[in-house]
Structures are given as structure tokens and as C-alpha cells.
Amino acid sequence: MTASDATINARALVIDRASETRAALGMALAEAGVATIDYANRQTTALGLIQNHDYDVVLCEYDLGGGMDGVHLFEACQQHYLLKPSCIFMMVTGERRQAQVMGAAELIPDGYLLKPFSTGDFIDRLNRAQRRKARFRTIDTAVRAGDYLGAVTACDREMALRPANETEDFLRMKTFLLLRLGEHQSAVESSTAALDLRESAWARLGLGKARFGLQDLEGARACFEAVKRDHELAMESYDWLARTLTAQGEMTAAQSTLAEALQRSPLAAARQTALGRLAERNGELDTAENALLYALNLSRGSFWPDISLYCELGRVQLARDDIGGARRTIQRLRREVPASNESVEPICELIEAAVLEKLDDRKASAELFEHACETLREQEDPLPGVLIEAARQAYGRRRQEAGANLVRSALGAASDDPAVLASVESLYHGLGEPEIGQQMVAEVTRDLSQLNNDAVIAVRNGNLSAAADMFISALHGRSGNVQLLLNAVNTLLSCVNQQGWNEHYMDMAQRYLARVRKQDPTNGKARQLADAMRRTRTRFGIDAGSQQQPPAAA
């Protein structure tokens, strides 16, 4: 067997707990012509490597130990946009796990490799996957630049060149992009077109998400139930089914759905958090506290710690009349999170304000609450979960306008985060006004999407300065969501490189990139933009740590 030309200069990652398997896969990749090969023996190491490198191939053992598997890792990479569209992700396993992997293969774009394997067979499969994925390289650039409209157009262009039976991969990417853009009706059409080709879990999930976005809850529910029934390893279907059942007011069924998912996959902080929230709404406070404690422990050891969980845990403990427990949560927060973290003090103040309210010391409670809100207003990037907790308390104090403003701030920072959207929906459902929450989510999502699209169109028309000013104006006084920030950085750097040094643009790009790193530390595009920023400074003769002014642009 010979190496494909596509493997030259490729970079691969091998993830497997067994050193002998890592070595065998590495040798096979080397024989296939892969230039650079990295290795990881656990999920955390793998995520760290994926964060710092742009991989062309990822070979991942299904069983990663500790209840984690390769499907979880792939879903994490998808959630945080860590892999480019042309990256090959292939599952590797032995016969003992073959049934599970075959069940999950529908969700992994490039299938699986069964151990033991021959090098020749491996190279053949790798070459086939490379030929298939090479078609995405024209889409890589648009996706990495945040130009999702351009990427959608590229998908359509590629599909127009091929017979219908060769378009599924592009329909999958197009559906993914449309859902990210909030273009739910178009996502219905693309996922339906994929289902016309064949029944698949990813297309049914995509259709369900699109219908959920269009408020077709019955249609969404049918999709998620079908995926859950036919693909029991598709854990995302449980999460979305629970969210749909919640929106339909079927809280007990939603909680049972999450509990069933956690029996299969307990080491998922977001799912434990969702269970805790549902159990609280259902009045099962012991279950709620246990789930939130579990989620907090998982979150602390993950790449994406969420310290706003301390707020939720304290609230549940107070609902159980456990004042001592809530104050111990404050102590735990101070002990476990560095005092330099700007979220620590407002979280402690919000919990203590609720404690004082419980003790009927309303004056002291109100003062502490106001101070926490003032601190949040002064922060450049307050955590969305903390803003929502403050909003919850504001509504409880009959401060409707303050509560609404806090929710808008949370949505402005994370309008594309399903957990934040679910928290907002839960908040307003608890207030007996679910339609207000739905309206606020729709308005903020629409406004941010329109702004992003307008700016991207301006870039494509060559109006870089206009696009840069659009982003700066939109992001003034609010953190914005991660994609908006990334697109702003990309536009500002493009403007500087094409039109000459602009200290204001470079300063704003640096600030926006810092916000992204705070909100999503593992974001792959942020890493690339940081490299682009360093190259831009070097091009203009500026040391990254200096305040030196560059020479005038030619």
C-alpha cells in the first residue's frame, strides 16, 4: 500500500489507554505518510492537544475509561468547534465493544476501525476517508473565518457538482451551519433532504433541533424519540427530548429522560445540571442537590468549569431550609476558586443575600443584593449563569425591569449556549410567563444573528472598516457571544493587514480575544486568531509585550 498525497504534511492524534495500541496506530499512520503524530492516553490530555493543534486525523479508542468514551469526546469537540470540517475522526475498538461502537458509528462521520487490523486495510480506509473529506477543504476556510453564510454557499456549490447520492456529507455540514445561524426553516429543508437519501440519526436530530427552533414541539419530540429509540447511544437525543418535554410542561417525563441518560453516561456535568434544575422544579430537592453536587464536582475537573453552579446549589439548599448548607457552599466556593476570579464575590453575595432574606433580614439582604448587581454591571464579562441567578432574585424582589435587563445581558453573552437558553426558559416558566422567555430568546438571537450576517456581508463586499465598526459598536457595553467575538477579531485583523496599522482595532481585537478565552478556553479558532495576531504584530515590527508604535504603513 502507498500513502495518499493528502497525508503529506498531515497531523494526526491517537487516543488510546493502551500503549501498545497507540504504538501500532502510530506505526500505521507513519506508513500511511502522516508527517506528525501526537498521542494521548486520556480524554483530558486529548482535549488539551486538540485545543492547541489543527488536526487532520483523530483516531480515538471507544472506551476511554472512567465512564467516558470516544462519542463523548467527539460531541465535546463538536460543541466547542475544535475540529475543522475536513478532519477525519475515526473510532477504534476491540471486538468486546464492537456492538456499542457500531451503534455509535452513525454519529461519527468517519466510522470505526476494529482491532486487530492490518496496516494495509487501515491505509485503504484512511485514504478513502481522506478523499471524501478533502472535499471540505474549501469549506474549512469559511468556517474558520466565521463566515457561515459563505460556508453554506460552498456546501451548495459542492452539492451542485455531484449526484444526489454523494451529497449527504455536505447536507450534514450545511444543516450544522444553518442551525448555528438560527436559520431553522432552511435547516428543516436540508435535514429533510438528507432523510430522503436515507434514515440517519444525525439528520433526524438536526430536523428535531430545527423544529424545536420553529416551536414545532410535537414534531421535535417525535424526532428525538425516534433517535433515542433507534440509536440508544445518541445521548444528545435524550438531552433534547428532555428540553422539548420541559417546553411542553411535562416535567416529570423530562426528568425521567435525563435520569435514563445518566444511567448510561453519568459523567456529564451539563446533563447532571439539567437533572438538578428539573428535580428542583419538580419539588424533588434531595435529587436536585445531589445532581448539582455531582455536576459541580465534574465541572471542577473539566476543561469547562462552571462556577455559577455554586449559585444554583445554594438556592436548592435554601429551598430545603438548609441555611448552614448554603453558607458552607459559600465557604466551599472561596476555598476552591481563586479569589482573583471576579465572579467569586458576586456569587457569594447573591447566596448570602438569599440567606438573609430567608432569615427575614430584608434590609441587609437588599443591600447585599444591590452590591452584587453593581459588581456584575461593572464587569466586562459576567458569567451568564450568575446573571440569570441575579435575575431570579430580582424578580423575587419584584424588580421586573432589573430582572429583564439581567436576562438580556446573559443572552447577549451566550445566545448560542443551549444551557443558558434552558435556564432562561426555566426562569420564566417558574414565573408563570414562559412566552416572555421565548420572546426574549428569539429577539436576542435574531438581533445578534442579523448583526453578524450584516457584518460578514460587508466583509465579503470589501467594506472591512464598516464591518469592523459594526462589531465594535455592537459589542460596546456587552460581552457578546463567542462567535460574534471571533468574527469581530477576524475582521479587525483583516482590516489592519489590508489597510495598515490601527492601534484601536488591535486593542479591541486583543480585548475580544481575551473575552473568548474566558468564556470558552478551548476554542480552536481563538487559538488560530491569537497566532494571526502575533503574526500581524511581527509584520508591523511590534513586539507583543511592548507599546512601541509601528512605522507608517506603506
# chains A, B, ... in the order shown; residues from 1 in each chain; ligands from 1
>>> residues_around(residues="A:Met27", least_positions_apart="3", cutoff="12 Å", atoms="only C-alpha atoms", output="PyMOL selection string")
chain A and resi 12+14+20-24+30-39+118-120+122-123
>>> write_last_selection(atoms="N, CA and C atoms", output="short mmCIF file (atom, residue, chain, number, x, y, z; two decimals), in the first residue's frame")
data_model
loop_
_atom_site.label_atom_id
_atom_site.label_comp_id
_atom_site.auth_asym_id
_atom_site.auth_seq_id
_atom_site.Cartn_x
_atom_site.Cartn_y
_atom_site.Cartn_z
N ALA A 12 -1.79 14.09 12.96
CA ALA A 12 -2.77 13.15 13.50
C ALA A 12 -2.64 13.06 15.01
N VAL A 14 -3.59 10.25 18.14
CA VAL A 14 -4.01 8.90 18.52
C VAL A 14 -4.38 8.93 20.00
N GLU A 20 0.47 -0.16 23.74
CA GLU A 20 0.78 -0.97 22.56
C GLU A 20 -0.14 -0.61 21.39
N THR A 21 -1.39 -0.27 21.70
CA THR A 21 -2.31 0.13 20.63
C THR A 21 -1.91 1.49 20.07
N ARG A 22 -1.52 2.41 20.96
CA ARG A 22 -1.06 3.71 20.48
C ARG A 22 0.13 3.54 19.54
N ALA A 23 1.05 2.66 19.92
CA ALA A 23 2.23 2.44 19.09
C ALA A 23 1.85 1.85 17.73
N ALA A 24 0.92 0.87 17.74
CA ALA A 24 0.51 0.23 16.49
C ALA A 24 -0.18 1.23 15.56
N ALA A 30 2.24 6.43 10.32
CA ALA A 30 3.53 6.78 9.72
C ALA A 30 3.69 6.11 8.36
N GLU A 31 3.29 4.83 8.27
CA GLU A 31 3.39 4.13 6.99
C GLU A 31 2.45 4.74 5.96
N ALA A 32 1.34 5.32 6.46
CA ALA A 32 0.40 5.99 5.55
C ALA A 32 0.94 7.33 5.08
N GLY A 33 2.05 7.79 5.68
CA GLY A 33 2.67 9.03 5.24
C GLY A 33 2.34 10.23 6.08
N VAL A 34 1.67 10.04 7.22
CA VAL A 34 1.34 11.18 8.09
C VAL A 34 2.62 11.75 8.69
N ALA A 35 2.79 13.04 8.57
CA ALA A 35 4.06 13.66 8.94
C ALA A 35 4.25 13.80 10.44
N THR A 36 3.19 14.19 11.16
CA THR A 36 3.31 14.46 12.60
C THR A 36 2.22 13.70 13.34
N ILE A 37 2.60 12.97 14.38
CA ILE A 37 1.65 12.15 15.14
C ILE A 37 1.79 12.47 16.62
N ASP A 38 0.68 12.83 17.27
CA ASP A 38 0.65 13.07 18.70
C ASP A 38 -0.14 11.95 19.37
N TYR A 39 0.10 11.79 20.69
CA TYR A 39 -0.53 10.68 21.41
C TYR A 39 -1.15 11.18 22.72
N SER A 118 -5.13 -4.84 9.93
CA SER A 118 -3.90 -4.89 9.13
C SER A 118 -3.55 -3.48 8.68
N THR A 119 -2.28 -3.22 8.53
CA THR A 119 -1.86 -1.89 8.09
C THR A 119 -2.42 -1.56 6.72
N GLY A 120 -2.47 -2.55 5.86
CA GLY A 120 -3.00 -2.31 4.52
C GLY A 120 -4.46 -1.89 4.55
N PHE A 122 -6.01 -0.55 7.07
CA PHE A 122 -6.09 0.76 7.69
C PHE A 122 -5.78 1.86 6.68
N ILE A 123 -4.71 1.70 5.90
CA ILE A 123 -4.33 2.73 4.93
C ILE A 123 -5.42 2.90 3.88
#
>>> residues_around(residues="A:Arg392", least_positions_apart="2", cutoff="10 Å", atoms="only C-alpha atoms", output="JSON, numbers by chain")
{"A": [386, 387, 388, 389, 390, 394, 395, 396, 397, 399, 400, 403, 404, 406, 407, 424, 427, 428, 430, 431]}
>>> write_last_selection(atoms="all heavy atoms", output="compact mmCIF listing (two decimals), in the first residue's frame")
# COMPACT_ATOMS: atom_id res chain seq x y z
N VAL A 386 -24.50 33.45 36.44
CA VAL A 386 -24.59 34.34 37.60
C VAL A 386 -25.60 35.45 37.30
O VAL A 386 -26.39 35.84 38.18
CB VAL A 386 -23.22 34.93 37.95
CG1 VAL A 386 -23.32 35.84 39.16
CG2 VAL A 386 -22.21 33.82 38.22
N LEU A 387 -25.61 35.96 36.07
CA LEU A 387 -26.60 36.98 35.69
C LEU A 387 -28.02 36.43 35.81
O LEU A 387 -28.93 37.13 36.29
CB LEU A 387 -26.34 37.43 34.26
CG LEU A 387 -25.06 38.25 34.02
CD1 LEU A 387 -24.80 38.41 32.53
CD2 LEU A 387 -25.19 39.63 34.68
N ILE A 388 -28.22 35.19 35.41
CA ILE A 388 -29.55 34.60 35.49
C ILE A 388 -29.96 34.40 36.95
O ILE A 388 -31.12 34.62 37.32
CB ILE A 388 -29.61 33.27 34.71
CG1 ILE A 388 -29.45 33.56 33.20
CG2 ILE A 388 -30.90 32.53 34.97
CD1 ILE A 388 -29.27 32.32 32.35
N GLU A 389 -29.01 34.01 37.80
CA GLU A 389 -29.32 33.86 39.22
C GLU A 389 -29.68 35.21 39.83
O GLU A 389 -30.61 35.31 40.63
CB GLU A 389 -28.12 33.25 39.95
CG GLU A 389 -28.42 32.83 41.38
CD GLU A 389 -29.46 31.74 41.47
OE1 GLU A 389 -29.56 30.92 40.54
OE2 GLU A 389 -30.20 31.71 42.48
N ALA A 390 -28.96 36.25 39.44
CA ALA A 390 -29.30 37.60 39.92
C ALA A 390 -30.67 38.02 39.41
O ALA A 390 -31.46 38.64 40.15
CB ALA A 390 -28.23 38.59 39.47
N ALA A 394 -33.92 39.19 41.40
CA ALA A 394 -34.56 40.47 41.10
C ALA A 394 -36.07 40.30 40.94
O ALA A 394 -36.86 41.08 41.47
CB ALA A 394 -33.95 41.07 39.84
N TYR A 395 -36.48 39.28 40.20
CA TYR A 395 -37.91 39.03 40.04
C TYR A 395 -38.55 38.68 41.38
O TYR A 395 -39.69 39.10 41.66
CB TYR A 395 -38.13 37.90 39.03
CG TYR A 395 -38.04 38.35 37.59
CD1 TYR A 395 -37.03 37.89 36.75
CD2 TYR A 395 -38.98 39.23 37.06
CE1 TYR A 395 -36.95 38.29 35.43
CE2 TYR A 395 -38.92 39.64 35.74
CZ TYR A 395 -37.90 39.17 34.93
OH TYR A 395 -37.82 39.59 33.62
N GLY A 396 -37.83 37.94 42.23
CA GLY A 396 -38.37 37.61 43.54
C GLY A 396 -38.56 38.84 44.42
O GLY A 396 -39.40 38.85 45.33
N ARG A 397 -37.80 39.90 44.14
CA ARG A 397 -37.92 41.16 44.88
C ARG A 397 -38.83 42.15 44.17
O ARG A 397 -38.83 43.34 44.49
CB ARG A 397 -36.52 41.76 45.07
CG ARG A 397 -35.58 40.89 45.89
CD ARG A 397 -34.14 41.38 45.81
NE ARG A 397 -33.22 40.40 46.42
CZ ARG A 397 -32.92 40.35 47.71
NH1 ARG A 397 -33.45 41.26 48.54
NH2 ARG A 397 -32.10 39.44 48.17
N ARG A 399 -38.57 43.27 41.16
CA ARG A 399 -37.79 44.21 40.36
C ARG A 399 -37.79 43.71 38.92
O ARG A 399 -36.78 43.23 38.40
CB ARG A 399 -36.36 44.30 40.91
CG ARG A 399 -36.27 44.77 42.37
CD ARG A 399 -36.26 46.27 42.44
NE ARG A 399 -35.17 46.82 41.64
CZ ARG A 399 -33.91 46.88 42.04
NH1 ARG A 399 -33.57 46.42 43.25
NH2 ARG A 399 -32.98 47.41 41.26
N GLN A 400 -38.95 43.80 38.28
CA GLN A 400 -39.14 43.21 36.95
C GLN A 400 -38.18 43.77 35.90
O GLN A 400 -37.58 43.02 35.12
CB GLN A 400 -40.58 43.41 36.48
CG GLN A 400 -41.53 42.27 36.82
CD GLN A 400 -41.81 42.16 38.32
OE1 GLN A 400 -41.52 43.07 39.08
NE2 GLN A 400 -42.39 41.04 38.73
N GLY A 403 -34.69 42.54 36.48
CA GLY A 403 -34.60 41.13 36.12
C GLY A 403 -34.50 40.93 34.62
O GLY A 403 -33.68 40.15 34.13
N ALA A 404 -35.34 41.67 33.87
CA ALA A 404 -35.33 41.54 32.41
C ALA A 404 -33.99 41.99 31.83
O ALA A 404 -33.45 41.36 30.90
CB ALA A 404 -36.46 42.36 31.81
N LEU A 406 -31.06 41.92 33.29
CA LEU A 406 -30.05 40.91 33.61
C LEU A 406 -30.16 39.71 32.67
O LEU A 406 -29.15 39.16 32.23
CB LEU A 406 -30.20 40.47 35.07
CG LEU A 406 -29.73 41.48 36.12
CD1 LEU A 406 -30.32 41.16 37.49
CD2 LEU A 406 -28.19 41.47 36.20
N VAL A 407 -31.38 39.31 32.35
CA VAL A 407 -31.57 38.19 31.43
C VAL A 407 -31.07 38.55 30.04
O VAL A 407 -30.40 37.75 29.38
CB VAL A 407 -33.06 37.79 31.37
CG1 VAL A 407 -33.30 36.79 30.23
CG2 VAL A 407 -33.49 37.16 32.69
N VAL A 424 -32.95 30.26 30.99
CA VAL A 424 -33.88 31.39 30.80
C VAL A 424 -35.31 30.86 30.67
O VAL A 424 -36.25 31.41 31.28
CB VAL A 424 -33.48 32.20 29.55
CG1 VAL A 424 -34.56 33.23 29.22
CG2 VAL A 424 -32.14 32.90 29.80
N LEU A 427 -36.47 29.86 34.09
CA LEU A 427 -36.76 31.02 34.93
C LEU A 427 -38.15 31.56 34.66
O LEU A 427 -38.96 31.75 35.59
CB LEU A 427 -35.71 32.11 34.68
CG LEU A 427 -36.01 33.49 35.25
CD1 LEU A 427 -36.12 33.44 36.77
CD2 LEU A 427 -34.93 34.49 34.83
N TYR A 428 -38.48 31.78 33.40
CA TYR A 428 -39.78 32.38 33.08
C TYR A 428 -40.92 31.39 33.22
O TYR A 428 -42.06 31.79 33.50
CB TYR A 428 -39.73 32.99 31.68
CG TYR A 428 -38.98 34.30 31.68
CD1 TYR A 428 -37.66 34.38 31.27
CD2 TYR A 428 -39.60 35.47 32.14
CE1 TYR A 428 -36.96 35.57 31.30
CE2 TYR A 428 -38.91 36.67 32.17
CZ TYR A 428 -37.59 36.72 31.76
OH TYR A 428 -36.90 37.91 31.81
N GLY A 430 -41.01 29.28 35.63
CA GLY A 430 -41.27 29.35 37.06
C GLY A 430 -42.05 30.58 37.46
O GLY A 430 -42.77 30.58 38.46
N LEU A 431 -41.90 31.64 36.67
CA LEU A 431 -42.65 32.88 36.93
C LEU A 431 -44.06 32.84 36.34
O LEU A 431 -44.84 33.77 36.52
CB LEU A 431 -41.90 34.08 36.33
CG LEU A 431 -40.53 34.41 36.95
CD1 LEU A 431 -39.83 35.47 36.13
CD2 LEU A 431 -40.70 34.87 38.39
>>> residues_around(residues="stretch 489-499 of chain A", least_positions_apart="5", cutoff="7 Å", atoms="only C-alpha atoms", output="ChimeraX atom specification")
/A:145,464-465,468,505,509,512-513,529,533,536
>>> closest_residue(among="A:Phe471, A:Tyr310, A:Phe212, A:Phe369", to="A:Ala326", atoms="only C-alpha atoms")
A:Tyr310
>>> closest_residue(among="A:Ala254, A:Ile542, A:Leu293, A:Leu421", to="A:Arg408", atoms="only C-alpha atoms")
A:Leu421
>>> select_by_dssp(residues="stretch 140-292 of chain A", states="alpha helix (DSSP H)", output="number ranges by chain")
A: 140-144, 148-160, 168-181, 184-197, 201-213, 217-230, 235-247, 251-264, 269-281, 285-292
>>> closest_residue(among="A:Ile347, A:Val57, A:Ala268, A:Ile50", to="A:His80", atoms="only C-alpha atoms")
A:Ile50
>>> closest_residue(among="A:Glu425, A:Ser415, A:Glu312, A:Gln379", to="A:Thr244", atoms="only C-alpha atoms")
A:Glu425
>>> atom_distance(atom1="atom CA of A:Leu278", atom2="atom CA of A:Gln255")
5.9 Å
>>> residues_around(residues="stretch 181-193 of chain A", least_positions_apart="2", cutoff="7 Å", atoms="only C-alpha atoms", output="list in words")
Leu171, Thr175, Leu177, Leu178, Leu179, Leu195, Asp196, Leu197, Ala203, Gly206, Leu207, Ala210, Arg211, Gly213, Leu214 and Ser449 of chain A
>>> select_by_dssp(residues="stretch 19-59 of chain A", states="strand (DSSP E or B)", output="number ranges by chain")
A: 36-40, 57-59
>>> residues_around(residues="A:His476", least_positions_apart="5", cutoff="12 Å", atoms="only C-alpha atoms", output="JSON, numbers by chain")
{"A": [380, 381, 412, 469, 470, 471, 485, 488, 508, 511, 512]}
>>> atom_distance(atom1="atom CA of A:Val482", atom2="atom CA of A:Val516")
5.7 Å
>>> decode(residues="stretch 11-127 of chain A", atoms="C-alpha atoms", output="tab-separated table (two decimals), in the first residue's frame")
chain	number	residue	atom	x	y	z
A	11	ARG	CA	-1.06	15.97	11.60
A	12	ALA	CA	-2.77	13.15	13.50
A	13	LEU	CA	-3.78	12.42	17.09
A	14	VAL	CA	-4.01	8.90	18.52
A	15	ILE	CA	-6.09	8.49	21.71
A	16	ASP	CA	-5.94	5.13	23.46
A	17	ARG	CA	-5.31	3.95	27.02
A	18	ALA	CA	-3.14	1.04	25.87
A	19	SER	CA	0.44	1.96	24.96
A	20	GLU	CA	0.78	-0.97	22.56
A	21	THR	CA	-2.31	0.13	20.63
A	22	ARG	CA	-1.06	3.71	20.48
A	23	ALA	CA	2.23	2.44	19.09
A	24	ALA	CA	0.51	0.23	16.49
A	25	LEU	CA	-1.74	3.05	15.30
A	26	GLY	CA	1.21	5.42	15.20
A	27	MET	CA	3.19	3.00	13.02
A	28	ALA	CA	0.22	2.58	10.69
A	29	LEU	CA	-0.19	6.36	10.39
A	30	ALA	CA	3.53	6.78	9.72
A	31	GLU	CA	3.39	4.13	6.99
A	32	ALA	CA	0.40	5.99	5.55
A	33	GLY	CA	2.67	9.03	5.24
A	34	VAL	CA	1.34	11.18	8.09
A	35	ALA	CA	4.06	13.66	8.94
A	36	THR	CA	3.31	14.46	12.60
A	37	ILE	CA	1.65	12.15	15.14
A	38	ASP	CA	0.65	13.07	18.70
A	39	TYR	CA	-0.53	10.68	21.41
A	40	ALA	CA	-2.90	10.84	24.39
A	41	ASN	CA	-3.97	8.18	26.89
A	42	ARG	CA	-6.96	10.01	28.37
A	43	GLN	CA	-9.68	12.45	27.38
A	44	THR	CA	-8.30	15.48	29.23
A	45	THR	CA	-4.91	15.13	27.56
A	46	ALA	CA	-6.59	14.69	24.18
A	47	LEU	CA	-8.69	17.83	24.61
A	48	GLY	CA	-5.61	19.80	25.56
A	49	LEU	CA	-3.85	18.68	22.39
A	50	ILE	CA	-6.88	19.33	20.21
A	51	GLN	CA	-7.09	22.82	21.70
A	52	ASN	CA	-3.52	23.58	20.66
A	53	HIS	CA	-3.20	21.87	17.28
A	54	ASP	CA	-5.09	21.79	14.00
A	55	TYR	CA	-5.57	18.05	13.36
A	56	ASP	CA	-6.27	16.38	10.04
A	57	VAL	CA	-6.86	12.91	11.55
A	58	VAL	CA	-8.06	11.79	15.01
A	59	LEU	CA	-8.07	8.07	15.89
A	60	CYS	CA	-9.89	7.53	19.18
A	61	GLU	CA	-10.44	4.40	21.26
A	62	TYR	CA	-14.11	3.98	22.15
A	63	ASP	CA	-13.51	3.08	25.81
A	64	LEU	CA	-11.52	5.92	27.41
A	65	GLY	CA	-12.06	4.68	30.98
A	66	GLY	CA	-13.86	6.28	33.92
A	67	GLY	CA	-17.21	6.08	32.16
A	68	MET	CA	-16.02	8.25	29.27
A	69	ASP	CA	-15.98	7.14	25.64
A	70	GLY	CA	-15.00	8.40	22.23
A	71	VAL	CA	-18.52	9.55	21.41
A	72	HIS	CA	-18.41	11.92	24.40
A	73	LEU	CA	-15.11	13.30	23.17
A	74	PHE	CA	-16.40	13.80	19.65
A	75	GLU	CA	-19.52	15.57	20.97
A	76	ALA	CA	-17.32	17.87	23.09
A	77	CYS	CA	-15.25	18.72	20.02
A	78	GLN	CA	-18.41	19.47	18.05
A	79	GLN	CA	-19.89	21.56	20.85
A	80	HIS	CA	-16.79	23.74	21.10
A	81	TYR	CA	-15.94	23.75	17.37
A	82	LEU	CA	-12.48	22.29	17.93
A	83	LEU	CA	-12.21	20.25	14.72
A	84	LYS	CA	-12.24	21.62	11.18
A	85	PRO	CA	-14.84	20.16	8.78
A	86	SER	CA	-12.21	18.21	6.81
A	87	CYS	CA	-10.78	16.50	9.92
A	88	ILE	CA	-11.14	12.70	9.90
A	89	PHE	CA	-12.46	11.35	13.23
A	90	MET	CA	-12.42	7.56	13.39
A	91	MET	CA	-13.35	5.34	16.35
A	92	VAL	CA	-11.07	2.41	17.25
A	93	THR	CA	-12.14	-0.57	19.36
A	94	GLY	CA	-11.84	-4.28	20.00
A	95	GLU	CA	-14.45	-6.96	19.50
A	96	ARG	CA	-15.72	-6.68	23.08
A	97	ARG	CA	-17.00	-3.16	22.38
A	98	GLN	CA	-17.93	-3.73	18.74
A	99	ALA	CA	-21.69	-3.65	19.32
A	100	GLN	CA	-21.56	-0.30	21.14
A	101	VAL	CA	-19.28	1.23	18.55
A	102	MET	CA	-21.42	0.04	15.67
A	103	GLY	CA	-24.38	1.64	17.42
A	104	ALA	CA	-22.47	4.91	17.76
A	105	ALA	CA	-20.88	4.84	14.29
A	106	GLU	CA	-23.94	6.61	12.86
A	107	LEU	CA	-22.96	9.66	14.91
A	108	ILE	CA	-19.24	9.62	14.00
A	109	PRO	CA	-18.68	10.93	10.45
A	110	ASP	CA	-15.85	8.56	9.52
A	111	GLY	CA	-16.89	5.26	11.06
A	112	TYR	CA	-14.78	2.90	13.14
A	113	LEU	CA	-11.73	0.64	12.99
A	114	LEU	CA	-11.91	-2.80	14.61
A	115	LYS	CA	-8.83	-4.18	16.39
A	116	PRO	CA	-6.83	-6.13	15.40
A	117	PHE	CA	-6.39	-4.57	11.97
A	118	SER	CA	-3.90	-4.89	9.13
A	119	THR	CA	-1.86	-1.89	8.09
A	120	GLY	CA	-3.00	-2.31	4.52
A	121	ASP	CA	-6.66	-2.26	5.47
A	122	PHE	CA	-6.09	0.76	7.69
A	123	ILE	CA	-4.33	2.73	4.93
A	124	ASP	CA	-7.12	1.87	2.49
A	125	ARG	CA	-9.77	3.12	4.89
A	126	LEU	CA	-7.76	6.24	5.73
A	127	ASN	CA	-7.24	7.06	2.06
